[in-house]
Amino acid sequence: MKKALILLFCLLNAEFALNAKPYKADPVLSAKDMAEIKSAAPLKAAAKPLKQRKVLVFSRTCGFRHYNGIAGAKQALKNIAENTGICELHFSDDTSEFEPENLEKYDAVVINNSTGMFLSERGDVLNKLSENEKAKVIKNSDRLIGNLVKYVENGGGFLGIHASADSYNYEPFKNATFVKMMNGHFVSHPWSIQNAPVTIRIEDKNSPILKGIWRENSFKITDEIYQLSNDFNRNSCRVLLSLDIDKSPVTTKRGKTIKIREDKDVALVFIRKYGKGKLAYFGFGHDINNYKDKNISELLMRLTQFVCGDLEADTSPAIK
């Protein structure tokens with residue numbers, strides 16, 4: 001009983017996993033940035049849609065907010081959809097979208113850099129609530145996440161962009177069901193956007209999601225590179241891109257203080273079946289810069305088509 005009371009106290013009062021300040025408005029991209037992102041967007045779909053697809057793009061955050069990354073992904077997806085006709089996009093941060101009757105309207109859900117307990121409330125809002133009201137908000141958040149997981153299990157598509165892995169991953173707000181579906185969660189990023197470019201290893205060059213994008217077996221990129229928790233299991237997914245740690249030294253002072261996984265397994269893009277649904281994780285996109293890269297934009301389009309069910313790809317584990 002005592003342990004339960006302590007846990008409840010933490011649940012109602014801990015704010016470390018939530019943003020405790022109001023957010024500022026998302027940035028309005030400059031004409032130059034918009035033009036460069038548009039120029040990078042593919043002009044042709046990787047596969048003909050089997051039907052008209054509708055995709056929800058959700059960017060609500062209750063933890064750290066990747067302002068530029070969110071804005072960049074929205075613009076990139078908008079350009080992709082307009083150019084290729086692969087889907088109709090619906091941009092919304094309304095949590096009611098996660099009611100079962102609303103999720104049913106979509107072929108896939110894109111979680112665009114959402115963080116923390118993103119179907120709950122920010123810390124500055126929770127701080128004003130009574131303990132009873134906080135408990136109700138958190139309970140409802142877990143209910144809505146449960147709806148999302150069931151949606152995928154029943155055949156819906158899910159694409160998580162970058163910080164989607166930094167969601168529901170801290171106690172006492174951790175949601176084990178969501179983490180299990182995501183195949184792990186964010187724990188640290190020794191490699192930041194201030195780090196020297198890192199080397200990305202192409203693990204499945206023949207996958208329809210990667211085929212023909214990169215000519216070599218690796219490429220360099222500057223981005224915030226996440227290490228996932230020990231919940232990550234490459235035997236339950238198909239890893240497409242991963243970090244080549246031996247060719248990616250940590251060059252920032254802060255980064256050097258962060259421990260690197262002993263197994264050196266840092267997956268950045270992977271796909272999997274989850275129940276009847278399809279899930280993809282796209283680890284890039286901390287800010288807008290990589291959405292100006294034609295290869296990255298092509299990859300984002302193909303992952304979107306995969307989770308919608310129009311681009312078939314092997315999701316079985318591959319031996320590293």
# chains A, B, ... in the order shown; residues from 1 in each chain; ligands from 1
>>> residues_around(residues="Ser167 in chain A", least_positions_apart="6", cutoff="9 Å", atoms="only C-alpha atoms", output="list in words")
Thr61, Cys62, Gly63, Asn113, Ser114, Thr115, Gly116, Met117, Phe118, Lys174, Asn175, Phe178, Val179, His185 and Phe186 of chain A
>>> write_last_selection(atoms="N, CA and C atoms", output="PDB file, in the first residue's frame")
ATOM      1  N   THR A  61       3.117  18.046 -28.608  1.00  0.00           N
ATOM      2  CA  THR A  61       4.197  17.689 -27.691  1.00  0.00           C
ATOM      3  C   THR A  61       3.839  18.081 -26.265  1.00  0.00           C
ATOM      4  N   CYS A  62       4.354  17.303 -25.324  1.00  0.00           N
ATOM      5  CA  CYS A  62       4.261  17.658 -23.909  1.00  0.00           C
ATOM      6  C   CYS A  62       5.643  17.633 -23.261  1.00  0.00           C
ATOM      7  N   GLY A  63       6.670  17.331 -24.043  1.00  0.00           N
ATOM      8  CA  GLY A  63       8.057  17.404 -23.592  1.00  0.00           C
ATOM      9  C   GLY A  63       8.784  18.423 -24.455  1.00  0.00           C
ATOM     10  N   ASN A 113       7.519  14.036 -34.382  1.00  0.00           N
ATOM     11  CA  ASN A 113       8.327  14.631 -33.316  1.00  0.00           C
ATOM     12  C   ASN A 113       7.554  14.903 -32.033  1.00  0.00           C
ATOM     13  N   SER A 114       6.445  14.207 -31.833  1.00  0.00           N
ATOM     14  CA  SER A 114       5.741  14.350 -30.559  1.00  0.00           C
ATOM     15  C   SER A 114       6.616  13.820 -29.437  1.00  0.00           C
ATOM     16  N   THR A 115       6.524  14.433 -28.270  1.00  0.00           N
ATOM     17  CA  THR A 115       7.363  14.040 -27.143  1.00  0.00           C
ATOM     18  C   THR A 115       6.548  13.988 -25.854  1.00  0.00           C
ATOM     19  N   GLY A 116       7.142  13.340 -24.844  1.00  0.00           N
ATOM     20  CA  GLY A 116       6.488  13.257 -23.553  1.00  0.00           C
ATOM     21  C   GLY A 116       5.187  12.491 -23.627  1.00  0.00           C
ATOM     22  N   MET A 117       4.295  12.799 -22.715  1.00  0.00           N
ATOM     23  CA  MET A 117       2.981  12.161 -22.674  1.00  0.00           C
ATOM     24  C   MET A 117       2.068  12.980 -23.582  1.00  0.00           C
ATOM     25  N   PHE A 118       2.271  12.853 -24.912  1.00  0.00           N
ATOM     26  CA  PHE A 118       1.746  13.831 -25.862  1.00  0.00           C
ATOM     27  C   PHE A 118       0.224  13.850 -26.005  1.00  0.00           C
ATOM     28  N   LYS A 174       5.634   6.546 -18.176  1.00  0.00           N
ATOM     29  CA  LYS A 174       5.949   5.579 -19.224  1.00  0.00           C
ATOM     30  C   LYS A 174       4.740   4.703 -19.529  1.00  0.00           C
ATOM     31  N   ASN A 175       4.503   4.508 -20.820  1.00  0.00           N
ATOM     32  CA  ASN A 175       3.435   3.612 -21.260  1.00  0.00           C
ATOM     33  C   ASN A 175       4.091   2.436 -21.972  1.00  0.00           C
ATOM     34  N   PHE A 178       2.890   1.401 -25.565  1.00  0.00           N
ATOM     35  CA  PHE A 178       3.375   2.240 -26.661  1.00  0.00           C
ATOM     36  C   PHE A 178       4.836   1.944 -26.951  1.00  0.00           C
ATOM     37  N   VAL A 179       5.651   1.821 -25.904  1.00  0.00           N
ATOM     38  CA  VAL A 179       7.079   1.533 -26.079  1.00  0.00           C
ATOM     39  C   VAL A 179       7.279   0.194 -26.774  1.00  0.00           C
ATOM     40  N   HIS A 185      12.690   2.995 -26.971  1.00  0.00           N
ATOM     41  CA  HIS A 185      12.485   4.427 -26.795  1.00  0.00           C
ATOM     42  C   HIS A 185      13.819   5.152 -26.662  1.00  0.00           C
ATOM     43  N   PHE A 186      13.779   6.450 -26.857  1.00  0.00           N
ATOM     44  CA  PHE A 186      14.959   7.297 -26.756  1.00  0.00           C
ATOM     45  C   PHE A 186      15.566   7.257 -25.351  1.00  0.00           C
TER      46      PHE A 186
END
>>> closest_residue(among="A:Lys128, A:Lys294, A:Lys150, A:Lys24", to="Leu103 in chain A", atoms="only C-alpha atoms")
A:Lys150
>>> residues_around(residues="range 81-96 of chain A", least_positions_apart="3", cutoff="10 Å", atoms="only C-alpha atoms", output="PyMOL selection string")
chain A and resi 38+41-61+74-78+99-103+106-110+114+118-120+141+144+301-302+304-305+308+310
>>> closest_atom_pairs(of="range 198-257 of chain A", to="range 278-291 of chain A", cutoff="10 Å", atoms="only C-alpha atoms", output="tab-separated table")
residue	atom	partner	partner_atom	distance
A:Ile221	CA	A:Asn290	CA	8.2
A:Thr222	CA	A:Asn290	CA	8.1
A:Asp223	CA	A:His286	CA	6.4
A:Glu224	CA	A:His286	CA	5.9
A:Ile225	CA	A:Gly283	CA	7.3
A:Tyr226	CA	A:Gly283	CA	7.2
A:Gln227	CA	A:Gly283	CA	9.8
A:Cys237	CA	A:Leu279	CA	9.3
A:Arg238	CA	A:Ala280	CA	9.5
A:Val239	CA	A:Tyr281	CA	9.5
A:Leu240	CA	A:Tyr281	CA	9.9
A:Leu241	CA	A:Gly283	CA	9.2
A:Ser242	CA	A:Gly283	CA	9.4
>>> write_last_selection(atoms="C-alpha atoms", output="PDB file, in the first residue's frame")
ATOM      1  CA  ILE A 221      24.722  13.077 -42.560  1.00  0.00           C
ATOM      2  CA  THR A 222      24.513  15.672 -39.807  1.00  0.00           C
ATOM      3  CA  ASP A 223      21.582  15.131 -37.481  1.00  0.00           C
ATOM      4  CA  GLU A 224      20.702  14.404 -33.874  1.00  0.00           C
ATOM      5  CA  ILE A 225      21.211  10.636 -33.647  1.00  0.00           C
ATOM      6  CA  TYR A 226      19.178   8.778 -31.027  1.00  0.00           C
ATOM      7  CA  GLN A 227      20.239   5.727 -29.102  1.00  0.00           C
ATOM      8  CA  CYS A 237      11.898  -5.641 -37.065  1.00  0.00           C
ATOM      9  CA  ARG A 238      13.800  -5.078 -40.307  1.00  0.00           C
ATOM     10  CA  VAL A 239      16.546  -2.519 -39.794  1.00  0.00           C
ATOM     11  CA  LEU A 240      17.145  -0.534 -42.977  1.00  0.00           C
ATOM     12  CA  LEU A 241      19.609   2.132 -41.824  1.00  0.00           C
ATOM     13  CA  SER A 242      21.854   2.232 -38.786  1.00  0.00           C
TER      14      SER A 242
END
